[in-house]
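Novice: My structure is in data_33.cif, and what it holds is mmCIF, C-alpha atoms:
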```cif
data_my_file
loop_
_atom_site.label_atom_id
_atom_site.label_comp_id
_atom_site.auth_asym_id
_atom_site.auth_seq_id
_atom_site.Cartn_x
_atom_site.Cartn_y
_atom_site.Cartn_z
CA MET A 163 85.11 -7.61 -27.56
CA PHE A 164 81.59 -6.20 -27.05
CA ASP A 165 80.19 -4.50 -30.14
CA LEU A 166 76.78 -2.95 -29.53
CA THR A 167 76.34 -2.01 -33.19
CA PRO A 168 74.11 -5.02 -34.09
CA LEU A 169 71.85 -4.20 -31.12
CA LEU A 170 71.78 -0.46 -31.73
CA GLU A 171 70.89 -1.03 -35.40
CA ALA A 172 68.13 -3.50 -34.50
CA PRO A 173 64.41 -2.65 -34.56
CA THR A 174 63.08 -0.74 -31.54
CA ALA A 175 61.24 -3.79 -30.17
CA VAL A 176 64.52 -5.74 -30.09
CA GLN A 177 66.29 -2.91 -28.27
CA ILE A 178 63.51 -2.57 -25.68
CA HIS A 179 63.46 -6.34 -25.21
CA ALA A 180 67.24 -6.64 -24.83
CA PHE A 181 67.66 -3.76 -22.39
CA ALA A 182 64.72 -4.87 -20.21
CA ALA A 183 66.07 -8.43 -20.12
CA LEU A 184 69.57 -7.18 -19.30
CA GLU A 185 68.30 -5.09 -16.41
CA ALA A 186 66.34 -8.09 -15.12
CA VAL A 187 69.47 -10.25 -15.36
CA LEU A 188 71.43 -7.69 -13.34
CA LEU A 189 68.73 -7.53 -10.66
CA THR A 190 68.27 -11.31 -10.40
CA PRO A 191 71.01 -11.90 -7.77
CA ILE A 192 69.51 -9.20 -5.53
CA VAL A 193 65.97 -10.54 -5.69
CA LEU A 194 66.96 -14.22 -5.41
CA PHE A 195 69.74 -14.10 -2.84
CA ARG A 196 68.58 -11.57 -0.27
CA LYS A 197 67.73 -13.59 2.80
CA LYS A 198 65.77 -10.85 4.50
CA ARG A 199 62.68 -9.84 2.57
CA ASP A 200 62.97 -6.12 3.21
CA MET A 201 62.30 -2.92 1.27
CA ILE A 202 65.36 -3.46 -0.96
CA HIS A 203 64.00 -6.86 -1.98
CA ARG A 204 60.54 -5.42 -2.65
CA ILE A 205 61.74 -2.46 -4.70
CA SER A 206 64.21 -4.60 -6.65
CA GLY A 207 61.49 -7.21 -7.10
CA TYR A 208 59.00 -4.74 -8.54
CA ILE A 209 61.65 -3.38 -10.93
CA TRP A 210 62.57 -6.98 -11.87
CA VAL A 211 58.90 -7.87 -12.48
CA THR A 212 58.42 -4.74 -14.59
CA ASN A 213 61.46 -5.55 -16.71
CA MET A 214 60.39 -9.18 -17.12
CA LEU A 215 56.95 -8.07 -18.30
CA ILE A 216 58.46 -5.51 -20.69
CA ALA A 217 60.81 -8.19 -22.09
CA ALA A 218 57.98 -10.72 -22.41
CA PHE A 219 55.48 -8.37 -24.08
CA SER A 220 58.07 -6.81 -26.39
CA SER A 221 59.03 -10.27 -27.65
CA PHE A 222 55.70 -10.52 -29.48
CA TRP A 223 56.94 -7.78 -31.84
CA ILE A 224 60.15 -9.71 -32.56
CA MET A 225 59.36 -12.17 -35.34
CA GLU A 226 62.70 -12.98 -36.92
CA ILE A 227 62.27 -16.75 -36.44
CA GLN A 228 58.82 -17.71 -37.74
CA LEU A 229 58.09 -21.37 -37.10
CA VAL A 230 54.43 -21.18 -36.00
CA GLY A 231 52.81 -18.46 -38.06
CA PRO A 232 54.60 -15.24 -37.16
CA PHE A 233 55.90 -16.72 -33.88
CA SER A 234 58.54 -19.14 -32.68
CA PRO A 235 58.46 -21.63 -29.81
CA ILE A 236 60.41 -19.14 -27.68
CA HIS A 237 57.27 -16.98 -27.60
CA ALA A 238 55.75 -19.71 -25.41
CA LEU A 239 58.36 -18.70 -22.82
CA SER A 240 57.01 -15.16 -22.98
CA LEU A 241 53.53 -16.42 -22.15
CA TYR A 242 55.06 -18.52 -19.35
CA VAL A 243 56.82 -15.44 -17.92
CA ILE A 244 53.68 -13.28 -18.05
CA PHE A 245 51.57 -15.95 -16.34
CA ASN A 246 54.21 -16.75 -13.71
CA VAL A 247 55.05 -13.18 -12.79
CA VAL A 248 51.40 -12.29 -12.26
CA ASN A 249 50.85 -15.52 -10.31
CA ALA A 250 53.97 -15.03 -8.15
CA VAL A 251 53.02 -11.46 -7.21
CA ARG A 252 49.55 -12.70 -6.31
CA HIS A 253 51.05 -15.38 -4.04
CA ALA A 254 53.35 -12.85 -2.34
CA ARG A 255 50.46 -10.48 -1.64
CA ARG A 256 48.48 -13.36 -0.13
CA GLY A 257 51.43 -14.31 2.09
CA ASN A 258 52.28 -17.59 0.36
CA ILE A 259 56.01 -16.87 0.26
CA ARG A 260 57.07 -20.45 -0.49
CA ALA A 261 54.95 -20.51 -3.69
CA HIS A 262 56.14 -16.99 -4.58
CA MET A 263 59.79 -18.01 -4.24
CA GLY A 264 59.39 -21.21 -6.26
CA ILE A 265 57.58 -19.48 -9.10
CA MET A 266 60.09 -16.62 -9.25
CA GLN A 267 63.05 -19.02 -9.25
CA GLY A 268 61.50 -20.99 -12.10
CA THR A 269 60.75 -17.80 -13.98
CA ALA A 270 64.34 -16.64 -13.59
CA LEU A 271 65.62 -19.99 -14.83
CA TRP A 272 63.32 -20.30 -17.85
CA GLY A 273 62.63 -16.65 -18.65
CA LEU A 274 66.20 -15.42 -18.30
CA GLY A 275 68.50 -18.43 -18.18
CA ILE A 276 67.08 -20.66 -20.89
CA ALA A 277 65.64 -17.93 -23.12
CA GLY A 278 68.82 -15.91 -22.66
CA ALA A 279 70.94 -18.89 -23.60
CA PHE A 280 69.07 -19.17 -26.91
CA THR A 281 70.08 -15.59 -27.71
CA LEU A 282 73.72 -16.68 -27.59
CA LEU A 283 73.33 -19.29 -30.33
CA PRO A 284 75.51 -18.76 -33.42
CA GLY A 285 73.82 -16.51 -35.95
CA ARG A 286 71.79 -14.61 -33.35
CA ARG A 287 72.20 -10.88 -32.77
CA MET A 288 73.35 -11.13 -29.13
CA ASN A 289 75.95 -13.73 -30.11
CA GLU A 290 77.44 -11.15 -32.45
CA VAL A 291 77.21 -8.40 -29.80
CA ILE A 292 79.06 -10.47 -27.19
CA PHE A 293 81.47 -12.55 -29.28
CA GLY A 294 81.85 -10.47 -32.43
CA PRO A 295 81.16 -11.53 -36.02
CA SER A 296 84.22 -13.74 -36.42
CA ILE A 297 84.03 -16.11 -33.46
CA ASP A 298 84.09 -19.83 -34.12
CA ASP A 299 80.63 -21.39 -33.64
CA GLY A 300 82.15 -24.14 -31.51
CA VAL A 301 83.46 -21.58 -29.03
CA SER A 302 80.12 -19.80 -28.77
CA LEU A 303 78.30 -23.12 -28.30
CA ALA A 304 80.74 -24.03 -25.51
CA VAL A 305 80.07 -20.69 -23.81
CA LEU A 306 76.34 -21.24 -24.27
CA ALA A 307 76.56 -24.66 -22.62
CA SER A 308 78.52 -23.23 -19.68
CA VAL A 309 75.98 -20.41 -19.23
CA VAL A 310 73.08 -22.88 -19.16
CA MET A 311 74.87 -25.15 -16.68
CA THR A 312 75.84 -22.21 -14.44
CA VAL A 313 72.31 -20.79 -14.38
CA GLY A 314 70.91 -24.24 -13.67
CA ALA A 315 73.40 -24.78 -10.82
CA VAL A 316 72.61 -21.40 -9.27
CA ILE A 317 68.86 -22.04 -9.37
CA TYR A 318 69.38 -25.53 -7.92
CA ILE A 319 71.44 -24.11 -5.04
CA VAL A 320 68.90 -21.36 -4.39
CA ARG A 321 66.04 -23.86 -4.29
CA ARG A 322 67.93 -26.19 -1.95
CA THR A 323 68.87 -23.44 0.53
CA PRO A 324 66.34 -23.39 3.37
CA ARG A 325 64.88 -20.00 4.23
CA ALA A 326 62.47 -18.95 6.91
CA ALA A 327 59.18 -17.69 5.49
CA THR A 328 58.32 -14.19 6.65
#
```
As C-alpha cells, how would this structure be written, given the file I've shared?

Specialist:
Amino acid sequence: MFDLTPLLEAPTAVQIHAFAALEAVLLTPIVLFRKKRDMIHRISGYIWVTNMLIAAFSSFWIMEIQLVGPFSPIHALSLYVIFNVVNAVRHARRGNIRAHMGIMQGTALWGLGIAGAFTLLPGRRMNEVIFGPSIDDGVSLAVLASVVMTVGAVIYIVRRTPRAAT
C-alpha cells in the first residue's frame, strides 16, 4: 500500500521535511509518556527537538500552496513550533517542568498532529504515499478525521495524567 515514489521524487526540502517529521512522530510516545525524566527522555527529547526544528525550518522552502505571498497558513505552524520548542527547552533548563511539559504537549499536538493531518488531505503528496493514487477521497478524509481525533485524545489523556515534577 505504501508507495514512496512521490516522496522520493519530491524536491529535497520536502524529503528533509518529511523524514524529520516522521522521526519526530516516532519519538513522540517516548518523550511524552516516559514517567521518569531520565537520560533516555533527555536524549530522545533533544533528538525530537532537533527533528521538529529541521521540519519547521525546512517548511519555509516548501511553497506548493501559496495563499499569502509564497507561503500558506500552515507556515504559521512552523513559526509556532520554532517559538515553542525554544521556549520549552528554556523552561526545562530553568526547572519549570510543568510549563515545559505543557508547551511540548501543545507542540506535539499542533506541530505534528494537526499539521500532519493536513498532509493526509486528498491531493497532497503524503496522501498518495500512504493511500496510493487511486483511493477514494471519502476514505482518506475519514482516515484523516480519525487521525486528528486519536491525536487529540492522546494529548488530552497525557495532559490529564498527573505527574510529579522532578

Novice: Evaluate the PyMOL selection byres ((chain A and resi 243-256) around 9) here and jot the selected residues down as a list in words.

Specialist: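 Selected by the PyMOL selection byres ((chain A and resi 243-256) around 9) here: Val211, Met214, Leu215, Ala218, Phe219, Ala238, Leu239, Ser240, Leu241, Tyr242, Gly257, Asn258, Ile259, Arg260, Ala261, His262, Met263, Gly264, Ile265, Met266, Gly268, Thr269, Ala270, Trp272 and Gly273 of chain A.
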
Novice: To one decimal in Å, tell me the separation between atom CA of Ile276 of chain A and atom CA of Ile236 of chain A.

Specialist: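 Distance between the two atoms: 9.6 Å.
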
Novice: Mind giving me the straight-line distance from atom CA of Trp210 of chain A to atom CA of Thr174 of chain A in Å, one decimal?

Specialist: 20.6 Å

Novice: Counting only C-alpha atoms, figure out which residue out of A:Arg204, A:Arg196, A:Ser220, A:Ile292 gets nearest to Phe181 of chain A.

Specialist: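 Once distances to Phe181 of chain A are computed over only C-alpha atoms, the minimum belongs to A:Ser220.
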
Novice: May I ask for the distance between atom CA of Phe280 of chain A and atom CA of Phe195 of chain A, given in Å to one decimal place?

Specialist: 24.6 Å

Novice: Rank A:Leu283, A:Leu274, A:Val176, A:Leu169 by their smallest atom-to-atom distance to Val313 of chain A, using only C-alpha atoms, and report the top residue only.

Specialist: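 Comparing A:Leu283, A:Leu274, A:Val176, A:Leu169 against Val313 of chain A, the winner is A:Leu274.
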
Novice: Residues within 12 Å of (76.0, -2.2, -32.5), file coordinates, counting only C-alpha atoms: what are they? Give the list as a list in words.

Specialist: Met163, Phe164, Asp165, Leu166, Thr167, Pro168, Leu169, Leu170, Glu171, Ala172, Pro173, Gln177, Arg287, Met288, Asn289, Glu290, Val291, Ile292, Gly294 and Pro295 of chain A
